[in-house]
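Next comes model_27.pdb, a file with PDB, C-alpha atoms.
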MODEL        1
ATOM      1  CA  ALA A   1     164.050  93.723 134.466  1.00  0.00           C
ATOM      2  CA  PRO A   2     167.554  92.469 133.718  1.00  0.00           C
ATOM      3  CA  PRO A   3     167.844  88.688 133.296  1.00  0.00           C
ATOM      4  CA  GLY A   4     167.850  86.970 136.681  1.00  0.00           C
ATOM      5  CA  PHE A   5     166.823  90.076 138.623  1.00  0.00           C
ATOM      6  CA  GLY A   6     164.993  89.040 141.786  1.00  0.00           C
ATOM      7  CA  ALA A   7     165.412  85.355 140.966  1.00  0.00           C
ATOM      8  CA  ASP A   8     167.175  84.368 144.204  1.00  0.00           C
ATOM      9  CA  PRO A   9     165.875  86.357 147.207  1.00  0.00           C
ATOM     10  CA  SER A  10     167.979  84.240 149.563  1.00  0.00           C
ATOM     11  CA  LEU A  11     171.103  85.668 147.889  1.00  0.00           C
ATOM     12  CA  ARG A  12     170.100  89.219 146.880  1.00  0.00           C
ATOM     13  CA  ARG A  13     167.522  91.766 148.056  1.00  0.00           C
ATOM     14  CA  SER A  14     166.017  93.463 145.035  1.00  0.00           C
ATOM     15  CA  ASP A  15     164.309  96.848 144.680  1.00  0.00           C
ATOM     16  CA  VAL A  16     163.008  98.995 141.866  1.00  0.00           C
ATOM     17  CA  LEU A  17     163.601 102.744 141.958  1.00  0.00           C
ATOM     18  CA  PHE A  18     160.785 104.345 139.944  1.00  0.00           C
ATOM     19  CA  LEU A  19     161.886 107.679 138.501  1.00  0.00           C
ATOM     20  CA  PHE A  20     159.602 110.724 138.276  1.00  0.00           C
ATOM     21  CA  GLY A  21     159.330 113.345 135.583  1.00  0.00           C
ATOM     22  CA  ALA A  22     162.249 114.043 133.336  1.00  0.00           C
ATOM     23  CA  LEU A  23     164.818 112.137 135.407  1.00  0.00           C
ATOM     24  CA  ASP A  24     166.683 109.896 132.978  1.00  0.00           C
ATOM     25  CA  ALA A  25     167.630 106.411 134.185  1.00  0.00           C
ATOM     26  CA  SER A  26     171.197 106.669 132.887  1.00  0.00           C
ATOM     27  CA  GLU A  27     171.715 109.996 134.656  1.00  0.00           C
ATOM     28  CA  ALA A  28     170.137 108.660 137.854  1.00  0.00           C
ATOM     29  CA  LEU A  29     172.398 105.617 137.712  1.00  0.00           C
ATOM     30  CA  ALA A  30     175.417 107.917 137.775  1.00  0.00           C
ATOM     31  CA  ASP A  31     174.088 109.629 140.937  1.00  0.00           C
ATOM     32  CA  VAL A  32     173.042 106.562 142.929  1.00  0.00           C
ATOM     33  CA  PRO A  33     175.867 105.340 145.167  1.00  0.00           C
ATOM     34  CA  ILE A  34     176.969 101.762 144.538  1.00  0.00           C
ATOM     35  CA  ARG A  35     179.175  99.753 146.875  1.00  0.00           C
ATOM     36  CA  PRO A  36     181.351  97.403 144.815  1.00  0.00           C
ATOM     37  CA  ASP A  37     180.961  93.704 145.617  1.00  0.00           C
ATOM     38  CA  VAL A  38     177.685  94.418 147.481  1.00  0.00           C
ATOM     39  CA  ASP A  39     175.395  96.470 145.238  1.00  0.00           C
ATOM     40  CA  GLU A  40     174.346  96.100 141.620  1.00  0.00           C
ATOM     41  CA  ALA A  41     172.265  98.609 139.676  1.00  0.00           C
ATOM     42  CA  HIS A  42     170.904  98.587 136.137  1.00  0.00           C
ATOM     43  CA  ALA A  43     169.030 101.282 134.223  1.00  0.00           C
ATOM     44  CA  GLY A  44     165.685 100.482 132.620  1.00  0.00           C
ATOM     45  CA  PRO A  45     162.956 102.621 131.058  1.00  0.00           C
ATOM     46  CA  GLY A  46     161.996 105.019 133.850  1.00  0.00           C
ATOM     47  CA  VAL A  47     163.513 102.831 136.569  1.00  0.00           C
ATOM     48  CA  LEU A  48     166.679 101.611 138.212  1.00  0.00           C
ATOM     49  CA  TYR A  49     166.881  97.967 139.220  1.00  0.00           C
ATOM     50  CA  PHE A  50     168.933  97.768 142.404  1.00  0.00           C
ATOM     51  CA  SER A  51     170.011  94.682 144.325  1.00  0.00           C
ATOM     52  CA  ARG A  52     172.368  93.959 147.171  1.00  0.00           C
ATOM     53  CA  LEU A  53     173.824  90.851 148.745  1.00  0.00           C
ATOM     54  CA  VAL A  54     171.703  89.647 151.669  1.00  0.00           C
ATOM     55  CA  ALA A  55     174.822  88.639 153.609  1.00  0.00           C
ATOM     56  CA  ARG A  56     176.214  92.180 153.300  1.00  0.00           C
ATOM     57  CA  ALA A  57     172.987  94.193 153.109  1.00  0.00           C
ATOM     58  CA  SER A  58     174.016  96.414 156.028  1.00  0.00           C
ATOM     59  CA  GLN A  59     176.991  97.570 153.919  1.00  0.00           C
ATOM     60  CA  SER A  60     174.815  98.556 150.956  1.00  0.00           C
ATOM     61  CA  HIS A  61     174.756 102.168 149.849  1.00  0.00           C
ATOM     62  CA  LEU A  62     171.067 102.145 148.899  1.00  0.00           C
ATOM     63  CA  SER A  63     170.061 103.728 152.208  1.00  0.00           C
ATOM     64  CA  ARG A  64     172.189 106.776 151.334  1.00  0.00           C
ATOM     65  CA  VAL A  65     169.828 107.622 148.480  1.00  0.00           C
ATOM     66  CA  VAL A  66     167.143 108.743 150.944  1.00  0.00           C
ATOM     67  CA  GLY A  67     169.334 111.639 152.086  1.00  0.00           C
ATOM     68  CA  MET A  68     170.210 112.788 148.574  1.00  0.00           C
ATOM     69  CA  PRO A  69     168.381 115.412 146.471  1.00  0.00           C
ATOM     70  CA  ILE A  70     167.744 112.792 143.765  1.00  0.00           C
ATOM     71  CA  TYR A  71     165.449 110.943 146.189  1.00  0.00           C
ATOM     72  CA  GLN A  72     162.819 113.666 145.635  1.00  0.00           C
ATOM     73  CA  SER A  73     162.531 112.389 142.042  1.00  0.00           C
ATOM     74  CA  MET A  74     161.893 108.720 142.783  1.00  0.00           C
ATOM     75  CA  THR A  75     160.056 106.167 144.865  1.00  0.00           C
ATOM     76  CA  ILE A  76     161.478 102.806 145.868  1.00  0.00           C
ATOM     77  CA  ARG A  77     159.563  99.537 146.015  1.00  0.00           C
ATOM     78  CA  ASN A  78     160.868  96.048 146.708  1.00  0.00           C
ATOM     79  CA  TRP A  79     160.709  93.469 143.941  1.00  0.00           C
ATOM     80  CA  ASN A  80     157.812  91.512 145.442  1.00  0.00           C
ATOM     81  CA  THR A  81     155.675  94.639 145.766  1.00  0.00           C
ATOM     82  CA  THR A  82     156.551  95.656 142.217  1.00  0.00           C
ATOM     83  CA  ARG A  83     155.472  92.257 140.884  1.00  0.00           C
ATOM     84  CA  ARG A  84     152.187  92.409 142.868  1.00  0.00           C
ATOM     85  CA  LEU A  85     151.432  95.887 141.547  1.00  0.00           C
ATOM     86  CA  LEU A  86     152.068  94.702 137.992  1.00  0.00           C
ATOM     87  CA  ALA A  87     149.719  91.742 138.505  1.00  0.00           C
ATOM     88  CA  LEU A  88     147.000  94.099 139.786  1.00  0.00           C
ATOM     89  CA  MET A  89     147.472  96.395 136.793  1.00  0.00           C
ATOM     90  CA  ASP A  90     147.349  93.434 134.380  1.00  0.00           C
ATOM     91  CA  ALA A  91     144.161  92.126 136.021  1.00  0.00           C
ATOM     92  CA  ARG A  92     142.539  95.534 135.823  1.00  0.00           C
ATOM     93  CA  ALA A  93     143.486  95.926 132.151  1.00  0.00           C
ATOM     94  CA  ALA A  94     142.087  92.477 131.349  1.00  0.00           C
ATOM     95  CA  GLY A  95     138.895  92.926 133.290  1.00  0.00           C
TER      96      GLY A  95
ENDMDL
END

Whole structure given in structure tokens:
Amino acid sequence: APPGFGADPSLRRSDVLFLFGALDASEALADVPIRPDVDEAHAGPGVLYFSRLVARASQSHLSRVVGMPIYQSMTIRNWNTTRRLLALMDARAAG
């Protein structure tokens, strides 16, 4: 994740958009609507890291993704769920 991503949940809500198949993160980033001064998005390997200001969350454009064709090539999980899933995968790999 980008530095500081998910670090202050009282300020920003954070989600990870996991991309399926051949969908490239840079291409997906160009298709995901971003509202300036509310939303931030960063491309990562096979994912987009998306956050929005808590105080202006209702103005975020993330909800628009669900109605777009690109949504068929991704699944969205909040940051806490993503971290829990990673911990489960790490525990399974270690055990």

Name every residue that the PyMOL selection byres ((chain A and resi 35) around 12) selects in this structure, writing the answer as JSON, numbers by chain with chains first and numbers rising.
-> {"A": [32, 33, 34, 36, 37, 38, 39, 40, 41, 50, 51, 52, 53, 56, 57, 58, 59, 60, 61, 62, 63, 64]}

For Ser73 (chain A), which of A:Pro9, A:Gly21, A:Gly46, A:Gly4 is the closest residue, counting only C-alpha atoms?
-> A:Gly21

In terms of the shortest atom-to-atom distance over all atoms listed in the file, which of A:Leu88, A:Ala7, A:Val65, A:Ala1 is closest to Asp31 (chain A)?
-> A:Val65

Need the neighbours of (164.2, 105.1, 136.4): which residues are at most 7 Å away, counting all atoms listed in the file, as a PyMOL selection string?
-> chain A and resi 17-19+24-25+43-48

Between A:Leu11, A:Ala22, A:Met89, A:Ala28, single out the one closest to Tyr71 (chain A), counting all atoms listed in the file.
->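 Ranking A:Leu11, A:Ala22, A:Met89, A:Ala28 by distance to Tyr71 (chain A), first place goes to A:Ala28.
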
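Each of A:Gln72, A:Trp79, A:Gly95, A:Val66 was checked against Arg12 (chain A) using all atoms listed in the file; the smallest atom-to-atom distance is that of A:Trp79.
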
Can you pull region 49-62 of chain A out of that block with N, CA, C and O atoms and hand it back as a PDB file, in the first residue's frame?
ATOM      1  N   TYR A  49      -5.692   1.281  -4.657  1.00  0.00           N
ATOM      2  CA  TYR A  49      -5.899   1.731  -3.291  1.00  0.00           C
ATOM      3  C   TYR A  49      -6.716   3.010  -3.371  1.00  0.00           C
ATOM      4  O   TYR A  49      -6.302   3.978  -3.999  1.00  0.00           O
ATOM      5  N   PHE A  50      -7.879   3.008  -2.770  1.00  0.00           N
ATOM      6  CA  PHE A  50      -8.821   4.118  -2.905  1.00  0.00           C
ATOM      7  C   PHE A  50      -9.195   4.605  -1.512  1.00  0.00           C
ATOM      8  O   PHE A  50      -9.534   3.807  -0.641  1.00  0.00           O
ATOM      9  N   SER A  51      -9.137   5.911  -1.306  1.00  0.00           N
ATOM     10  CA  SER A  51      -9.582   6.468  -0.030  1.00  0.00           C
ATOM     11  C   SER A  51     -10.369   7.747  -0.285  1.00  0.00           C
ATOM     12  O   SER A  51     -10.240   8.377  -1.334  1.00  0.00           O
ATOM     13  N   ARG A  52     -11.195   8.070   0.696  1.00  0.00           N
ATOM     14  CA  ARG A  52     -12.008   9.280   0.591  1.00  0.00           C
ATOM     15  C   ARG A  52     -12.131   9.907   1.968  1.00  0.00           C
ATOM     16  O   ARG A  52     -12.075   9.211   2.981  1.00  0.00           O
ATOM     17  N   LEU A  53     -12.282  11.213   1.981  1.00  0.00           N
ATOM     18  CA  LEU A  53     -12.434  11.941   3.235  1.00  0.00           C
ATOM     19  C   LEU A  53     -13.715  11.515   3.940  1.00  0.00           C
ATOM     20  O   LEU A  53     -14.784  11.477   3.323  1.00  0.00           O
ATOM     21  N   VAL A  54     -13.619  11.189   5.223  1.00  0.00           N
ATOM     22  CA  VAL A  54     -14.786  10.793   6.001  1.00  0.00           C
ATOM     23  C   VAL A  54     -15.814  11.925   6.008  1.00  0.00           C
ATOM     24  O   VAL A  54     -17.003  11.692   5.810  1.00  0.00           O
ATOM     25  N   ALA A  55     -15.359  13.143   6.201  1.00  0.00           N
ATOM     26  CA  ALA A  55     -16.261  14.293   6.297  1.00  0.00           C
ATOM     27  C   ALA A  55     -17.024  14.556   4.999  1.00  0.00           C
ATOM     28  O   ALA A  55     -18.075  15.187   5.019  1.00  0.00           O
ATOM     29  N   ARG A  56     -16.505  14.048   3.883  1.00  0.00           N
ATOM     30  CA  ARG A  56     -17.162  14.278   2.588  1.00  0.00           C
ATOM     31  C   ARG A  56     -17.418  12.958   1.859  1.00  0.00           C
ATOM     32  O   ARG A  56     -17.546  12.930   0.638  1.00  0.00           O
ATOM     33  N   ALA A  57     -17.528  11.879   2.600  1.00  0.00           N
ATOM     34  CA  ALA A  57     -17.673  10.550   2.001  1.00  0.00           C
ATOM     35  C   ALA A  57     -18.900  10.452   1.090  1.00  0.00           C
ATOM     36  O   ALA A  57     -18.867   9.758   0.073  1.00  0.00           O
ATOM     37  N   SER A  58     -19.965  11.146   1.421  1.00  0.00           N
ATOM     38  CA  SER A  58     -21.168  11.093   0.585  1.00  0.00           C
ATOM     39  C   SER A  58     -20.943  11.733  -0.785  1.00  0.00           C
ATOM     40  O   SER A  58     -21.712  11.496  -1.718  1.00  0.00           O
ATOM     41  N   GLN A  59     -19.884  12.511  -0.937  1.00  0.00           N
ATOM     42  CA  GLN A  59     -19.563  13.156  -2.210  1.00  0.00           C
ATOM     43  C   GLN A  59     -18.561  12.337  -3.034  1.00  0.00           C
ATOM     44  O   GLN A  59     -18.231  12.714  -4.159  1.00  0.00           O
ATOM     45  N   SER A  60     -18.092  11.237  -2.473  1.00  0.00           N
ATOM     46  CA  SER A  60     -17.116  10.402  -3.164  1.00  0.00           C
ATOM     47  C   SER A  60     -17.715   9.799  -4.430  1.00  0.00           C
ATOM     48  O   SER A  60     -18.920   9.549  -4.506  1.00  0.00           O
ATOM     49  N   HIS A  61     -16.855   9.528  -5.385  1.00  0.00           N
ATOM     50  CA  HIS A  61     -17.295   8.915  -6.632  1.00  0.00           C
ATOM     51  C   HIS A  61     -17.097   7.406  -6.637  1.00  0.00           C
ATOM     52  O   HIS A  61     -17.398   6.756  -7.631  1.00  0.00           O
ATOM     53  N   LEU A  62     -16.627   6.830  -5.540  1.00  0.00           N
ATOM     54  CA  LEU A  62     -16.406   5.386  -5.506  1.00  0.00           C
ATOM     55  C   LEU A  62     -17.686   4.604  -5.781  1.00  0.00           C
ATOM     56  O   LEU A  62     -17.658   3.602  -6.496  1.00  0.00           O
TER      57      LEU A  62
END
